[in-house]
Structures are given as structure tokens and as C-alpha cells.
$ cat structure.txt   # compact mmCIF, C-alpha atoms
# COMPACT_ATOMS: atom_id res chain seq x y z
CA MET A 472 -10.96 11.89 -48.42
CA VAL A 473 -8.40 10.36 -46.06
CA ARG A 474 -7.66 11.79 -42.63
CA VAL A 475 -3.97 12.04 -41.70
CA GLU A 476 -2.89 12.55 -38.08
CA PHE A 477 0.56 13.40 -36.75
CA LEU A 478 1.29 11.93 -33.37
CA GLY A 479 3.49 12.82 -30.43
CA PRO A 480 6.12 15.49 -30.99
CA ILE A 481 5.34 16.24 -34.66
CA GLY A 482 2.98 18.95 -33.51
CA LYS A 483 1.00 19.36 -36.69
CA GLU A 484 -2.77 19.56 -37.05
CA ALA A 485 -4.55 16.64 -38.69
CA MET A 486 -5.34 17.09 -42.39
CA GLU A 487 -7.77 15.69 -44.96
CA VAL A 488 -6.29 14.68 -48.32
CA GLU A 489 -7.19 12.79 -51.49
CA ALA A 490 -4.86 9.84 -52.09
CA LYS A 491 -5.55 6.39 -53.55
CA ASP A 492 -2.62 4.67 -51.82
CA LEU A 493 0.25 5.33 -49.42
CA ARG A 494 2.64 6.09 -52.26
CA GLU A 495 0.45 8.95 -53.40
CA LEU A 496 0.08 10.14 -49.81
CA ALA A 497 3.87 10.11 -49.40
CA GLN A 498 4.22 12.43 -52.41
CA ILE A 499 1.77 14.86 -50.87
CA LEU A 500 3.41 14.85 -47.43
CA LYS A 501 6.89 15.24 -48.93
CA ALA A 502 5.88 18.64 -50.21
CA ASP A 503 5.32 19.85 -46.65
CA GLU A 504 8.46 21.53 -45.26
CA GLN A 505 7.48 20.81 -41.67
CA LEU A 506 7.05 17.10 -42.32
CA ARG A 507 10.03 16.31 -44.52
CA GLY A 508 12.41 15.55 -41.64
CA TRP A 509 9.88 13.34 -39.90
CA LEU A 510 9.00 11.04 -42.80
CA LYS A 511 12.15 8.94 -42.59
CA GLU A 512 11.64 8.38 -38.86
CA CYS A 513 7.93 7.68 -38.76
CA ALA A 514 6.01 4.42 -38.82
CA VAL A 515 2.56 4.45 -40.40
CA ALA A 516 -0.74 3.01 -39.26
CA VAL A 517 -3.87 2.79 -41.39
CA ASN A 518 -7.05 2.44 -39.36
CA ASP A 519 -4.92 1.66 -36.32
CA ARG A 520 -2.89 -1.14 -37.89
CA LEU A 521 0.82 -0.65 -38.60
CA VAL A 522 1.55 -1.11 -42.30
CA ASP A 523 4.77 -1.74 -44.21
CA ASP A 524 3.66 -1.64 -47.84
CA LEU A 525 3.67 1.57 -49.89
CA ASP A 526 1.05 0.02 -52.18
CA THR A 527 -1.46 -0.15 -49.34
CA LYS A 528 -4.73 1.18 -50.83
CA LEU A 529 -6.55 4.01 -49.15
CA HIS A 530 -10.32 4.44 -49.15
CA ASP A 531 -12.67 7.24 -48.37
CA GLY A 532 -12.84 7.69 -44.59
CA ASP A 533 -9.59 5.85 -43.86
CA ARG A 534 -7.47 7.18 -41.04
CA VAL A 535 -3.70 7.32 -41.44
CA VAL A 536 -1.43 8.16 -38.50
CA LEU A 537 2.28 8.93 -38.50
CA LEU A 538 4.16 7.63 -35.46
CA PRO A 539 7.58 9.10 -34.65
CA PRO A 540 10.17 7.22 -32.50
CA VAL A 541 8.72 6.06 -29.17
CA CYS A 542 9.90 5.90 -25.59
CA GLY A 543 7.42 4.68 -22.99
CA GLY A 544 7.97 3.98 -19.31
CA MET B 338 31.96 -30.73 23.58
CA VAL B 339 30.32 -29.89 20.25
CA ARG B 340 26.67 -28.92 20.00
CA VAL B 341 24.71 -30.57 17.15
CA GLU B 342 21.34 -29.18 16.01
CA PHE B 343 18.82 -30.78 13.67
CA LEU B 344 16.87 -28.28 11.60
CA GLY B 345 13.47 -28.18 9.98
CA PRO B 346 11.57 -31.46 9.74
CA ILE B 347 14.15 -33.70 11.43
CA GLY B 348 12.41 -33.05 14.73
CA LYS B 349 15.18 -34.12 17.05
CA GLU B 350 16.47 -32.29 20.11
CA ALA B 351 19.94 -30.77 19.91
CA MET B 352 22.71 -32.87 21.47
CA GLU B 353 26.21 -32.37 22.88
CA VAL B 354 28.89 -34.79 21.72
CA GLU B 355 32.64 -35.31 21.80
CA ALA B 356 34.10 -35.45 18.27
CA LYS B 357 37.43 -34.17 16.93
CA ASP B 358 36.24 -33.85 13.31
CA LEU B 359 33.16 -34.35 11.12
CA ARG B 360 34.15 -37.91 10.29
CA GLU B 361 34.02 -38.85 13.92
CA LEU B 362 30.72 -37.02 14.32
CA ALA B 363 29.28 -38.90 11.33
CA GLN B 364 30.12 -42.21 13.06
CA ILE B 365 28.29 -41.10 16.17
CA LEU B 366 25.19 -39.89 14.30
CA LYS B 367 25.06 -43.04 12.16
CA ALA B 368 24.37 -45.03 15.30
CA ASP B 369 21.12 -43.11 15.83
CA GLU B 370 18.16 -44.92 14.24
CA GLN B 371 16.15 -41.72 13.90
CA LEU B 372 18.92 -39.94 12.02
CA ARG B 373 20.17 -42.61 9.66
CA GLY B 374 17.72 -41.78 6.85
CA TRP B 375 18.44 -38.06 7.10
CA LEU B 376 22.23 -38.19 6.85
CA LYS B 377 22.35 -38.77 3.11
CA GLU B 378 20.01 -35.82 2.49
CA CYS B 379 21.45 -33.26 4.85
CA ALA B 380 23.95 -30.49 4.29
CA VAL B 381 26.16 -29.52 7.22
CA ALA B 382 27.13 -26.14 8.63
CA VAL B 383 29.82 -25.58 11.25
CA ASN B 384 29.44 -22.31 13.11
CA ASP B 385 26.94 -21.19 10.44
CA ARG B 386 29.14 -21.89 7.43
CA LEU B 387 28.27 -24.72 5.04
CA VAL B 388 31.14 -27.23 4.84
CA ASP B 389 31.95 -29.95 2.34
CA ASP B 390 34.99 -31.65 3.88
CA LEU B 391 34.68 -34.61 6.25
CA ASP B 392 38.10 -33.75 7.68
CA THR B 393 36.81 -30.44 8.99
CA LYS B 394 38.15 -30.20 12.55
CA LEU B 395 35.78 -29.60 15.44
CA HIS B 396 36.67 -27.67 18.57
CA ASP B 397 35.15 -27.29 21.98
CA GLY B 398 32.08 -25.03 21.71
CA ASP B 399 31.59 -25.47 17.95
CA ARG B 400 28.06 -25.60 16.67
CA VAL B 401 27.16 -28.08 13.95
CA VAL B 402 23.78 -27.98 12.22
CA LEU B 403 22.21 -30.52 9.89
CA LEU B 404 20.10 -28.99 7.11
CA PRO B 405 17.60 -31.23 5.28
CA PRO B 406 16.30 -30.38 1.76
CA VAL B 407 14.89 -26.84 1.57
CA CYS B 408 11.92 -25.18 -0.06
CA GLY B 409 11.41 -21.49 0.61
CA GLY B 410 8.85 -19.15 -0.90
CA MET C 505 -6.13 -4.77 -17.70
CA LEU C 506 -4.58 -1.68 -19.33
CA GLU C 507 -5.01 1.48 -17.27
CA ILE C 508 -4.10 4.99 -18.36
CA TYR C 509 -4.06 7.84 -15.85
CA PRO C 510 -3.52 11.59 -16.08
CA GLY C 511 -0.30 12.50 -14.22
CA GLU C 512 1.68 10.30 -11.85
CA LEU C 513 0.46 6.85 -10.87
CA GLU C 514 -0.95 6.19 -7.42
CA VAL C 515 1.39 3.24 -7.11
CA GLU C 516 0.20 1.95 -3.75
CA ALA C 517 -3.49 2.07 -4.63
CA ILE C 518 -2.91 0.32 -7.96
CA PHE C 519 -0.69 -2.27 -6.32
CA SER C 520 -3.32 -2.97 -3.66
CA ARG C 521 -6.05 -3.47 -6.24
CA TRP C 522 -3.90 -5.74 -8.35
CA TYR C 523 -2.85 -7.76 -5.33
CA ALA C 524 -6.45 -8.31 -4.20
CA TRP C 525 -7.42 -9.26 -7.74
CA GLY C 526 -4.64 -11.83 -8.11
CA ALA C 527 -4.81 -13.41 -4.64
CA LYS C 528 -8.50 -14.19 -5.07
CA ARG C 529 -7.78 -15.91 -8.39
CA ASN C 530 -5.28 -18.34 -6.92
CA PHE C 531 -2.21 -17.07 -8.77
CA GLY C 532 0.86 -18.26 -6.89
CA ALA C 533 3.40 -15.90 -8.45
CA TRP C 534 3.10 -12.21 -9.09
CA VAL C 535 5.83 -9.95 -10.41
CA THR C 536 5.64 -6.21 -10.89
CA PHE C 537 7.79 -3.60 -12.51
CA VAL C 538 7.56 0.05 -11.40
CA GLY C 539 9.30 2.80 -13.34
CA THR C 540 9.98 5.98 -11.40
CA VAL C 541 11.13 9.33 -12.82
CA ARG C 542 14.72 9.90 -11.76
CA ALA C 543 16.03 13.34 -10.84
CA GLU C 544 18.69 13.76 -13.54
CA GLY C 545 19.71 16.31 -16.14
CA GLY C 546 17.90 19.03 -14.23
CA ILE C 547 14.41 17.92 -15.25
CA GLU C 548 11.43 18.68 -13.07
CA ALA C 549 9.21 16.02 -14.66
CA LEU C 550 8.75 13.72 -17.61
CA SER C 551 5.68 14.06 -19.80
CA PHE C 552 3.97 11.49 -22.01
CA ASP C 553 1.71 11.32 -25.04
CA ILE C 554 -0.06 8.02 -25.74
CA TYR C 555 -1.77 6.81 -28.87
CA GLU C 556 -4.35 4.69 -27.17
CA PRO C 557 -5.92 2.63 -30.01
CA LEU C 558 -2.57 1.14 -31.01
CA LEU C 559 -1.42 0.75 -27.40
CA ARG C 560 -4.55 -1.28 -26.70
CA SER C 561 -4.08 -3.61 -29.66
CA TRP C 562 -0.39 -4.07 -28.77
CA PHE C 563 -1.43 -4.87 -25.20
CA ASP C 564 -4.18 -7.28 -26.30
CA GLY C 565 -1.57 -9.24 -28.26
CA TRP C 566 0.44 -9.67 -25.08
CA GLN C 567 -2.62 -10.66 -23.09
CA GLN C 568 -3.20 -13.47 -25.57
CA ARG C 569 0.42 -14.58 -25.36
CA ALA C 570 0.15 -14.60 -21.55
CA GLN C 571 -3.10 -16.55 -21.62
CA GLU C 572 -1.42 -19.36 -23.55
CA VAL C 573 0.81 -20.02 -20.53
CA GLY C 574 -1.94 -19.52 -17.96
CA ALA C 575 -0.78 -16.02 -17.04
CA VAL C 576 -2.30 -12.53 -17.02
CA VAL C 577 -0.54 -9.21 -17.72
CA ARG C 578 -1.60 -5.87 -16.31
CA MET C 579 -0.21 -2.44 -16.99
CA ALA C 580 -0.71 1.15 -15.93
CA HIS C 581 0.81 4.20 -17.60
CA SER C 582 0.65 7.95 -17.16
CA ARG C 583 -0.38 10.53 -19.68
CA GLY C 584 0.84 14.14 -19.27
CA ASN C 585 3.32 15.32 -16.64
CA VAL C 586 4.92 13.04 -14.04
CA PRO C 587 7.18 14.80 -11.48
CA VAL C 588 10.58 13.40 -10.47
CA HIS C 589 10.47 10.68 -7.78
CA THR C 590 6.95 9.68 -8.79
CA SER C 591 6.02 6.83 -11.13
CA SER C 592 4.78 6.74 -14.71
CA TYR C 593 4.74 3.04 -15.49
CA MET C 594 3.69 -0.20 -13.80
CA ALA C 595 3.56 -3.64 -15.36
CA ALA C 596 2.65 -6.94 -13.75
CA VAL C 597 2.41 -10.61 -14.56
CA PHE C 598 0.27 -13.04 -12.55
CA SER C 599 0.94 -16.72 -13.03
CA PRO C 600 0.52 -20.06 -11.31
CA ARG C 601 4.31 -20.53 -11.69
CA ARG C 602 7.16 -18.27 -10.78
CA ARG C 603 9.45 -18.89 -13.73
CA VAL C 604 6.72 -18.09 -16.25
CA ALA C 605 5.96 -14.88 -14.40
CA LEU C 606 9.55 -13.65 -14.32
CA GLU C 607 10.33 -14.49 -17.93
CA LEU C 608 7.11 -13.04 -19.24
CA LEU C 609 7.56 -9.78 -17.34
CA GLU C 610 11.06 -9.39 -18.74
CA ALA C 611 9.89 -10.00 -22.32
CA PHE C 612 6.85 -7.76 -21.86
CA VAL C 613 8.83 -4.81 -20.52
CA GLU C 614 11.47 -5.09 -23.26
CA ASP C 615 8.84 -5.20 -25.97
CA PHE C 616 7.00 -2.33 -24.34
CA LYS C 617 10.13 -0.18 -24.63
CA ALA C 618 10.46 -0.96 -28.35
CA ASN C 619 6.84 -1.00 -29.48
CA ALA C 620 4.40 0.84 -27.24
CA PRO C 621 3.16 4.00 -29.03
CA ILE C 622 4.13 6.43 -26.29
CA TRP C 623 6.20 9.61 -26.59
CA LYS C 624 8.36 10.97 -23.83
CA TYR C 625 9.33 14.56 -23.10
CA ASP C 626 11.65 16.11 -20.56
CA VAL C 627 10.07 19.00 -18.69
CA ARG C 628 12.41 21.88 -17.88
CA ASN C 629 11.16 25.28 -16.74
CA GLY C 630 7.67 24.17 -17.67
CA GLU C 631 8.70 23.42 -21.24
CA ARG C 632 8.21 20.01 -22.91
CA ILE C 633 11.25 18.80 -24.87
CA TYR C 634 10.91 15.61 -26.94
CA ALA C 635 13.32 12.94 -25.62
CA LYS C 636 14.49 12.14 -29.12
CA ASP C 637 17.88 10.66 -28.20
CA ARG C 638 16.18 8.08 -25.97
CA SER C 639 13.44 7.20 -28.48
CA GLN C 640 13.36 4.24 -30.86
CA PRO C 641 11.75 4.15 -34.32
CA LEU C 642 8.89 1.66 -34.58
CA ALA C 643 9.16 -1.28 -37.00
CA GLY C 644 8.58 -0.12 -40.57
CA SER C 645 9.63 3.46 -39.93
CA GLY C 646 10.62 5.47 -42.99
CA LEU C 647 7.98 3.88 -45.23
CA LEU C 648 6.80 7.25 -46.53
CA ASP C 649 10.34 8.58 -47.11
CA LEU C 650 10.40 8.24 -50.89
CA MET D 638 16.85 -5.40 4.06
CA LEU D 639 15.86 -8.95 5.11
CA GLU D 640 12.60 -9.06 7.05
CA ILE D 641 11.13 -12.11 8.75
CA TYR D 642 7.55 -12.06 10.05
CA PRO D 643 5.40 -14.49 12.00
CA GLY D 644 2.50 -15.65 9.80
CA GLU D 645 1.39 -14.16 6.49
CA LEU D 646 3.03 -11.03 5.10
CA GLU D 647 1.21 -7.71 5.14
CA VAL D 648 1.98 -7.31 1.47
CA GLU D 649 0.51 -3.86 0.95
CA ALA D 650 2.22 -2.34 3.98
CA ILE D 651 5.57 -3.84 3.05
CA PHE D 652 5.18 -2.74 -0.54
CA SER D 653 4.35 0.82 0.55
CA ARG D 654 7.39 1.02 2.79
CA TRP D 655 9.68 -0.35 0.10
CA TYR D 656 8.24 2.01 -2.51
CA ALA D 657 8.76 5.08 -0.33
CA TRP D 658 12.29 3.93 0.46
CA GLY D 659 13.23 3.44 -3.21
CA ALA D 660 11.57 6.53 -4.68
CA LYS D 661 13.45 8.79 -2.28
CA ARG D 662 16.76 7.20 -3.31
CA ASN D 663 16.30 7.97 -6.99
CA PHE D 664 16.04 4.37 -8.21
CA GLY D 665 14.39 4.38 -11.63
CA ALA D 666 13.46 0.72 -11.79
CA TRP D 667 11.90 -1.44 -9.13
CA VAL D 668 10.80 -5.02 -9.56
CA THR D 669 9.05 -7.18 -6.99
CA PHE D 670 8.13 -10.81 -6.70
CA VAL D 671 5.26 -11.89 -4.46
CA GLY D 672 4.62 -15.55 -3.71
CA THR D 673 1.10 -16.39 -2.59
CA VAL D 674 -0.11 -19.69 -1.12
CA ARG D 675 -2.32 -21.43 -3.68
CA ALA D 676 -5.39 -23.39 -2.70
CA GLU D 677 -4.39 -26.83 -3.96
CA GLY D 678 -4.18 -30.39 -2.70
CA GLY D 679 -6.68 -29.58 0.03
CA ILE D 680 -4.22 -27.62 2.18
CA GLU D 681 -5.42 -24.92 4.53
CA ALA D 682 -2.02 -23.25 4.84
CA LEU D 683 1.69 -23.63 4.29
CA SER D 684 4.05 -23.41 7.22
CA PHE D 685 7.73 -22.46 7.31
CA ASP D 686 10.81 -22.98 9.45
CA ILE D 687 13.77 -20.67 8.87
CA TYR D 688 17.37 -21.00 9.96
CA GLU D 689 18.06 -17.34 10.31
CA PRO D 690 21.88 -17.14 10.72
CA LEU D 691 22.50 -18.91 7.42
CA LEU D 692 19.66 -17.10 5.67
CA ARG D 693 21.23 -13.80 6.67
CA SER D 694 24.67 -14.71 5.38
CA TRP D 695 23.17 -16.03 2.12
CA PHE D 696 21.23 -12.77 1.77
CA ASP D 697 24.27 -10.62 2.56
CA GLY D 698 26.13 -12.32 -0.30
CA TRP D 699 23.35 -11.25 -2.66
CA GLN D 700 23.35 -7.72 -1.30
CA GLN D 701 27.02 -7.47 -2.17
CA ARG D 702 26.44 -8.83 -5.64
CA ALA D 703 23.64 -6.29 -6.14
CA GLN D 704 25.78 -3.44 -4.87
CA GLU D 705 28.38 -4.15 -7.56
CA VAL D 706 25.81 -3.19 -10.21
CA GLY D 707 24.36 -0.24 -8.27
CA ALA D 708 21.29 -2.17 -7.14
CA VAL D 709 19.72 -3.13 -3.81
CA VAL D 710 17.83 -6.32 -2.95
CA ARG D 711 15.12 -6.58 -0.31
CA MET D 712 13.25 -9.60 0.89
CA ALA D 713 10.50 -10.52 3.34
CA HIS D 714 9.56 -14.06 4.38
CA SER D 715 7.09 -15.66 6.76
CA ARG D 716 7.83 -18.01 9.60
CA GLY D 717 5.05 -20.33 10.85
CA ASN D 718 1.63 -20.74 9.23
CA VAL D 719 0.51 -18.83 6.12
CA PRO D 720 -3.13 -19.45 5.06
CA VAL D 721 -4.09 -20.03 1.41
CA HIS D 722 -4.54 -16.86 -0.66
CA THR D 723 -2.12 -14.95 1.56
CA SER D 724 1.57 -14.38 0.90
CA SER D 725 4.70 -15.87 2.42
CA TYR D 726 7.45 -14.38 0.29
CA MET D 727 8.36 -11.03 -1.23
CA ALA D 728 11.58 -10.13 -3.01
CA ALA D 729 12.54 -6.86 -4.66
CA VAL D 730 15.35 -5.30 -6.63
CA PHE D 731 15.85 -1.55 -6.88
CA SER D 732 18.15 -0.29 -9.59
CA PRO D 733 18.90 2.77 -11.67
CA ARG D 734 18.33 0.58 -14.77
CA ARG D 735 15.49 -1.68 -15.70
CA ARG D 736 17.41 -4.53 -17.28
CA VAL D 737 19.68 -4.94 -14.27
CA ALA D 738 16.63 -5.03 -12.02
CA LEU D 739 14.80 -7.69 -13.99
CA GLU D 740 17.79 -9.97 -14.46
CA LEU D 741 18.92 -9.68 -10.88
CA LEU D 742 15.45 -10.46 -9.52
CA GLU D 743 15.24 -13.57 -11.69
CA ALA D 744 18.66 -14.81 -10.55
CA PHE D 745 17.92 -13.94 -6.92
CA VAL D 746 14.61 -15.80 -6.81
CA GLU D 747 16.06 -18.89 -8.51
CA ASP D 748 18.97 -19.00 -6.09
CA PHE D 749 16.60 -18.43 -3.19
CA LYS D 750 14.66 -21.54 -4.19
CA ALA D 751 17.84 -23.64 -4.28
CA ASN D 752 19.80 -22.26 -1.34
CA ALA D 753 17.75 -20.41 1.26
CA PRO D 754 17.66 -22.47 4.49
CA ILE D 755 13.86 -22.58 4.77
CA TRP D 756 11.64 -25.64 5.24
CA LYS D 757 8.11 -25.86 3.96
CA TYR D 758 5.18 -27.85 5.34
CA ASP D 759 1.67 -28.40 4.08
CA VAL D 760 -0.95 -27.83 6.76
CA ARG D 761 -3.93 -30.19 6.64
CA ASN D 762 -6.39 -30.52 9.52
CA GLY D 763 -4.00 -28.51 11.64
CA GLU D 764 -1.16 -30.96 11.02
CA ARG D 765 2.21 -29.94 9.55
CA ILE D 766 3.49 -32.29 6.83
CA TYR D 767 7.01 -31.71 5.47
CA ALA D 768 6.84 -30.88 1.72
CA LYS D 769 9.60 -33.34 0.96
CA ASP D 770 8.75 -33.92 -2.70
CA ARG D 771 9.07 -30.17 -3.42
CA SER D 772 12.30 -29.71 -1.45
CA GLN D 773 15.84 -29.61 -2.81
CA PRO D 774 18.98 -30.81 -1.03
CA LEU D 775 21.50 -28.04 -0.36
CA ALA D 776 24.93 -28.15 -1.97
CA GLY D 777 27.14 -30.69 -0.19
CA SER D 778 24.26 -32.77 1.12
CA GLY D 779 25.11 -36.32 2.17
CA LEU D 780 28.51 -35.36 3.57
CA LEU D 781 27.90 -37.28 6.80
CA ASP D 782 26.51 -40.37 5.07
CA LEU D 783 29.56 -42.62 5.47
$ encode --input "structure.txt" --output "C-alpha cells"
Amino acid sequence: MVRVEFLGPIGKEAMEVEAKDLRELAQILKADEQLRGWLKECAVAVNDRLVDDLDTKLHDGDRVVLLPPVCGG
Amino acid sequence: MVRVEFLGPIGKEAMEVEAKDLRELAQILKADEQLRGWLKECAVAVNDRLVDDLDTKLHDGDRVVLLPPVCGG
Amino acid sequence: MLEIYPGELEVEAIFSRWYAWGAKRNFGAWVTFVGTVRAEGGIEALSFDIYEPLLRSWFDGWQQRAQEVGAVVRMAHSRGNVPVHTSSYMAAVFSPRRRVALELLEAFVEDFKANAPIWKYDVRNGERIYAKDRSQPLAGSGLLDL
Amino acid sequence: MLEIYPGELEVEAIFSRWYAWGAKRNFGAWVTFVGTVRAEGGIEALSFDIYEPLLRSWFDGWQQRAQEVGAVVRMAHSRGNVPVHTSSYMAAVFSPRRRVALELLEAFVEDFKANAPIWKYDVRNGERIYAKDRSQPLAGSGLLDL
């Protein structure tokens, strides 16, 4: 199982899913009405490292976070 | 009479001289052993404005200051 | 070197601590940036969420970059609500040399705006409204948008 | 907006006053530079002479330039002796916008170094030695060298 967290304004509870890579995870998240609008705007971190490859493998216990547009300061 | 002041490290008392312009003043100051080394390094202000023209006229009561190289901060 | 506080920053206390820290260590130049919540658009406060693990690794990268030029960066940021006319963000660079300090602070603050995982909300009538129009997508955004 | 003090600056007190001043006036961005006397070359202090009339007119020129972009500059400088690990110079820019503040502070501090009519001395064994090697001639220097 992989834990997925939704940061900042997304306002959705974390979920546990089965997915072998980010591509598979994307398919799962796409099915969620509430998330669809956010996917195109979010960056993704796996175990607290930003990633840019859909083929990134996921392993049991991995933590994926979705990061919407930021504005600090 | 024109008052001439020597700022910062020059360490010379102010003096009163008769000079109709900066060129004439330069001739007078050149004669002073203690000043000769400073003249090539000093900027000049007349009545608290920096000047860059030797033909700048001087009038009774004017105040000329010699400013050696600076280092604030 | 990275401090996160609930609510507005106690700017003077933080400044005093940083000053004492830097003076003792023989840094000749110290620059600080302080961001204060402006009264505009009828807001009563700004509010912030922070994702701390990523903020810390982003900050550590900058600390390394600073170290290479003999400098140190420090930063403080608020979490939660920060009323107008109080401050949410402080950044500082300590350096033996002034030019390094000024240039590094400028680069740090710019990069902070683009890459720090922090989310901002306007607070109006007690309600938090995501400041979407002022927010920037992080590098790599849209990866999961098949 | 230009403050001159005998001896070292009371950095924290000045900072607090400036902060209170700026926060009330709805400036969103505030940057400060603090210059501290480093222990080096065996000095016990630095010492400064200031020619105030020219410093004020130089500073007023900068205030005008700041005003054109909605900003305000402030500065404090010591006169006389300033012991190592204490501060002789503070400069600040208040602005509605961060980029203006950072760029203006950088330009201000550089120009200060080149053009402020201030003379620096090392103090060793109570003796004041002109820091000639670190000093820069003002524009137009050498005019009287016929």
C-alpha cells in the first residue's frame, strides 16, 4: 500500500492505495471528481523528494504527496 | 576671504585665504608641504557642493572643503 | 537555522537573537528581509500552511550553497493566521563580505517565492480563501495529469 | 531618516524603532543591512569621521530616488570609535514590493561605499590609523593637483 497526501488547499483526507508506479496512481486519482482539477496544477513528491517521471516506481510504505501552487512569505 | 577646511585624516587646521577662483586656491595650497601629497587624492566641495571645474569662482565668505578618499560602513 | 512559528513572528526577539548569534561569529555583513502583511483587499489576516519536510530539504540546499561562499542563511516563517501589519516571514544572510550577503539574500528570497512548499490564504470574516491568483506551480507540476 | 550616533549603534533599539515605523505605514517588504566591525588585523575598534552636510545632501538624493518607486530609505552611522563585534552602519529600505526593496538596498549600499563622505580609521593601542588602502577617492578627486 502507498499513502497519498493532499497538501495545502486541496482539502482532502489522505488515502491508502495499491499502485506499482506513478502512472498507475495517476489513473486512480483521475477517477476522483474532487481531484481532477488539481492534477494539472500539482507537483508530486515521493518520500519527500520532488519527482518528474511518471515511471517512478512505488513500493509498499511509500508516501506520495501532491503539492498545489505555492505562495510563501 | 575664503575659508578652507581639511577633512578626515588630513589633520590640518582650517585656514582663511584670498583667492578669486579654485585655480588660484590650488596655487596657494600647493605651496604647503603638508598638503602637497593630499591634493591629487582630494575631491573639493564649495559651500557643500562637490565641484569639478578649476574655474569655479570663489566669493567672500565661501567655504571650501577638501575631501580625501572615503570609506564608510 | 529554519524556524517555524504558530501565528505572527516576534520580529524584534528573532532579530535580537540572530544579531547576537552573528556578531559573536565575526560576520561583518548581515542583511535581513522582513515580510509584513499589508492591509489590502479588506483582509484581516493572511494564513499559511507549510509542508515542513520539503521546506527543510529546500532550505538545507540553500545552506550548503551559502556555506560555499562563507555565508549562513537563516529564516523564520509563520504557520496559521498572521494579522495585518504583523510579519509572517524573515530571511537573513550573514557573511564576511557585504556583496555576497546582498546578492545571496536576493537570490534566496526569489527562490523562496518560487519553490518553498507554503500555501497562502486570505482571511476575510474568519474564512480562509486560497490565494490562488498569487500562487505559482512548483517545477514538474501536472505530472499526474494524464 | 539619517541618524548619526557617537560610538557603536544600538542595533536592536534602532531596528525596533524602524520596524514599528514601517509596519504602521503598511510597507510589505523591509530589508536591512547591518555592518559589524570584524576582529581582524589586531584592531580593537574602527573609528569614523563624518562630514555631515554633504552626507545629508547625498542621503536626500537617495530619499528622492526611493520616493519615485514608493519606497523609503533609512540609515544610521557611527561617529568616533566602534569596538570589534559591534556595529557602525545600518541601512534599510521599506517598500510595498519586495523586489524594489532588495534592489534599492543593494544600489544604496554600493553607492554609500563609493560616495558617502566618511573616513575610516583602524584603532590599535588606542591610536587611530587612517584606513587608506580601503578608501576610495570621491568623484572629481585631484582637481586641485595642478
$ residues_around --input "structure.txt" --residues "Leu496 of chain A" --least-positions-apart "6" --cutoff "10 Å" --atoms "all atoms listed in the file" --output "ChimeraX atom specification"
/A:473,475,488-490,525,529,535 /C:648
$ residues_near_point --input "structure.txt" --point "(-1.9, 6.2, -49.5)" --cutoff "12 Å" --atoms "only C-alpha atoms" --output "MDAnalysis selection string"
(chainID A and resid 472:475 488:500 515:518 522:531 533:536) or (chainID C and resid 647:648)
$ residues_near_point --input "structure.txt" --point "(11.4, 3.7, -6.5)" --cutoff "12 Å" --atoms "all atoms listed in the file" --output "JSON, numbers by chain"
{"C": [515, 516, 537, 538, 539, 540, 541, 542, 543, 588, 589, 590, 591, 592, 593, 594], "D": [652, 653, 654, 655, 656, 657, 658, 659, 660, 661, 662, 663, 664, 665, 666, 667, 668, 669, 708, 709, 729, 730, 731, 732, 733, 734, 735, 738]}
$ closest_residue --input "structure.txt" --among "D:Glu743, D:Asp686, D:Asp770, D:Glu640" --to "chain C" --atoms "all atoms listed in the file"
D:Glu743
$ atom_distance --input "structure.txt" --atom1 "atom CA of Lys377 of chain B" --atom2 "atom CA of Leu783 of chain D"
8.5 Å
$ closest_atom_pairs --input "structure.txt" --of "chain C" --to "chain A" --cutoff "7 Å" --atoms "all atoms listed in the file" --output "JSON lines"
{"residue": "C:Gly539", "atom": "CA", "partner": "A:Gly544", "partner_atom": "CA", "distance": 6.2}
{"residue": "C:Asp553", "atom": "CA", "partner": "A:Gly479", "partner_atom": "CA", "distance": 5.9}
{"residue": "C:Pro557", "atom": "CA", "partner": "A:Asp519", "partner_atom": "CA", "distance": 6.5}
{"residue": "C:Leu558", "atom": "CA", "partner": "A:Asp519", "partner_atom": "CA", "distance": 5.8}
{"residue": "C:Ser592", "atom": "CA", "partner": "A:Gly544", "partner_atom": "CA", "distance": 6.2}
{"residue": "C:Tyr593", "atom": "CA", "partner": "A:Gly544", "partner_atom": "CA", "distance": 5.1}
{"residue": "C:Lys617", "atom": "CA", "partner": "A:Gly543", "partner_atom": "CA", "distance": 5.8}
{"residue": "C:Ala620", "atom": "CA", "partner": "A:Gly543", "partner_atom": "CA", "distance": 6.5}
{"residue": "C:Pro621", "atom": "CA", "partner": "A:Val541", "partner_atom": "CA", "distance": 5.9}
{"residue": "C:Ile622", "atom": "CA", "partner": "A:Gly543", "partner_atom": "CA", "distance": 5.0}
{"residue": "C:Trp623", "atom": "CA", "partner": "A:Val541", "partner_atom": "CA", "distance": 5.1}
{"residue": "C:Lys624", "atom": "CA", "partner": "A:Cys542", "partner_atom": "CA", "distance": 5.6}
{"residue": "C:Tyr634", "atom": "CA", "partner": "A:Pro480", "partner_atom": "CA", "distance": 6.3}
{"residue": "C:Arg638", "atom": "CA", "partner": "A:Cys542", "partner_atom": "CA", "distance": 6.7}
{"residue": "C:Ser639", "atom": "CA", "partner": "A:Cys542", "partner_atom": "CA", "distance": 4.8}
{"residue": "C:Gln640", "atom": "CA", "partner": "A:Pro540", "partner_atom": "CA", "distance": 4.7}
{"residue": "C:Pro641", "atom": "CA", "partner": "A:Pro540", "partner_atom": "CA", "distance": 3.9}
{"residue": "C:Leu642", "atom": "CA", "partner": "A:Ala514", "partner_atom": "CA", "distance": 5.8}
{"residue": "C:Ala643", "atom": "CA", "partner": "A:Ala514", "partner_atom": "CA", "distance": 6.8}
{"residue": "C:Gly644", "atom": "CA", "partner": "A:Ala514", "partner_atom": "CA", "distance": 5.5}
{"residue": "C:Ser645", "atom": "CA", "partner": "A:Ala514", "partner_atom": "CA", "distance": 3.9}
{"residue": "C:Gly646", "atom": "CA", "partner": "A:Lys511", "partner_atom": "CA", "distance": 3.8}
{"residue": "C:Leu647", "atom": "CA", "partner": "A:Asp523", "partner_atom": "CA", "distance": 6.6}
{"residue": "C:Leu648", "atom": "CA", "partner": "A:Ala497", "partner_atom": "CA", "distance": 5.0}
{"residue": "C:Asp649", "atom": "CA", "partner": "A:Lys511", "partner_atom": "CA", "distance": 4.9}
{"residue": "C:Leu650", "atom": "CA", "partner": "A:Ala497", "partner_atom": "CA", "distance": 7.0}
$ axis_aligned_box --input "structure.txt" --around "segment 396-406 of chain B" --padding-each-side "6 Å" --output "JSON"
{"center_x": 26.5, "center_y": -28.1, "center_z": 11.9, "size_x": 32.4, "size_y": 18.2, "size_z": 32.2}
$ atom_distance --input "structure.txt" --atom1 "atom CA of Val577 of chain C" --atom2 "atom CA of Leu739 of chain D"
15.9 Å
$ atom_distance --input "structure.txt" --atom1 "atom CA of Asp759 of chain D" --atom2 "atom CA of Ile641 of chain D"
19.4 Å
$ residues_around --input "structure.txt" --residues "Tyr509 of chain C" --least-positions-apart "4" --cutoff "12 Å" --atoms "only C-alpha atoms" --output "list in words"
Leu513, Glu514, Val515, Ile518, Phe552, Asp553, Ile554, Glu556, Met579, Ala580, His581, Ser582, Arg583, Gly584, Asn585, Val586, Ser591, Ser592, Tyr593 and Met594 of chain C
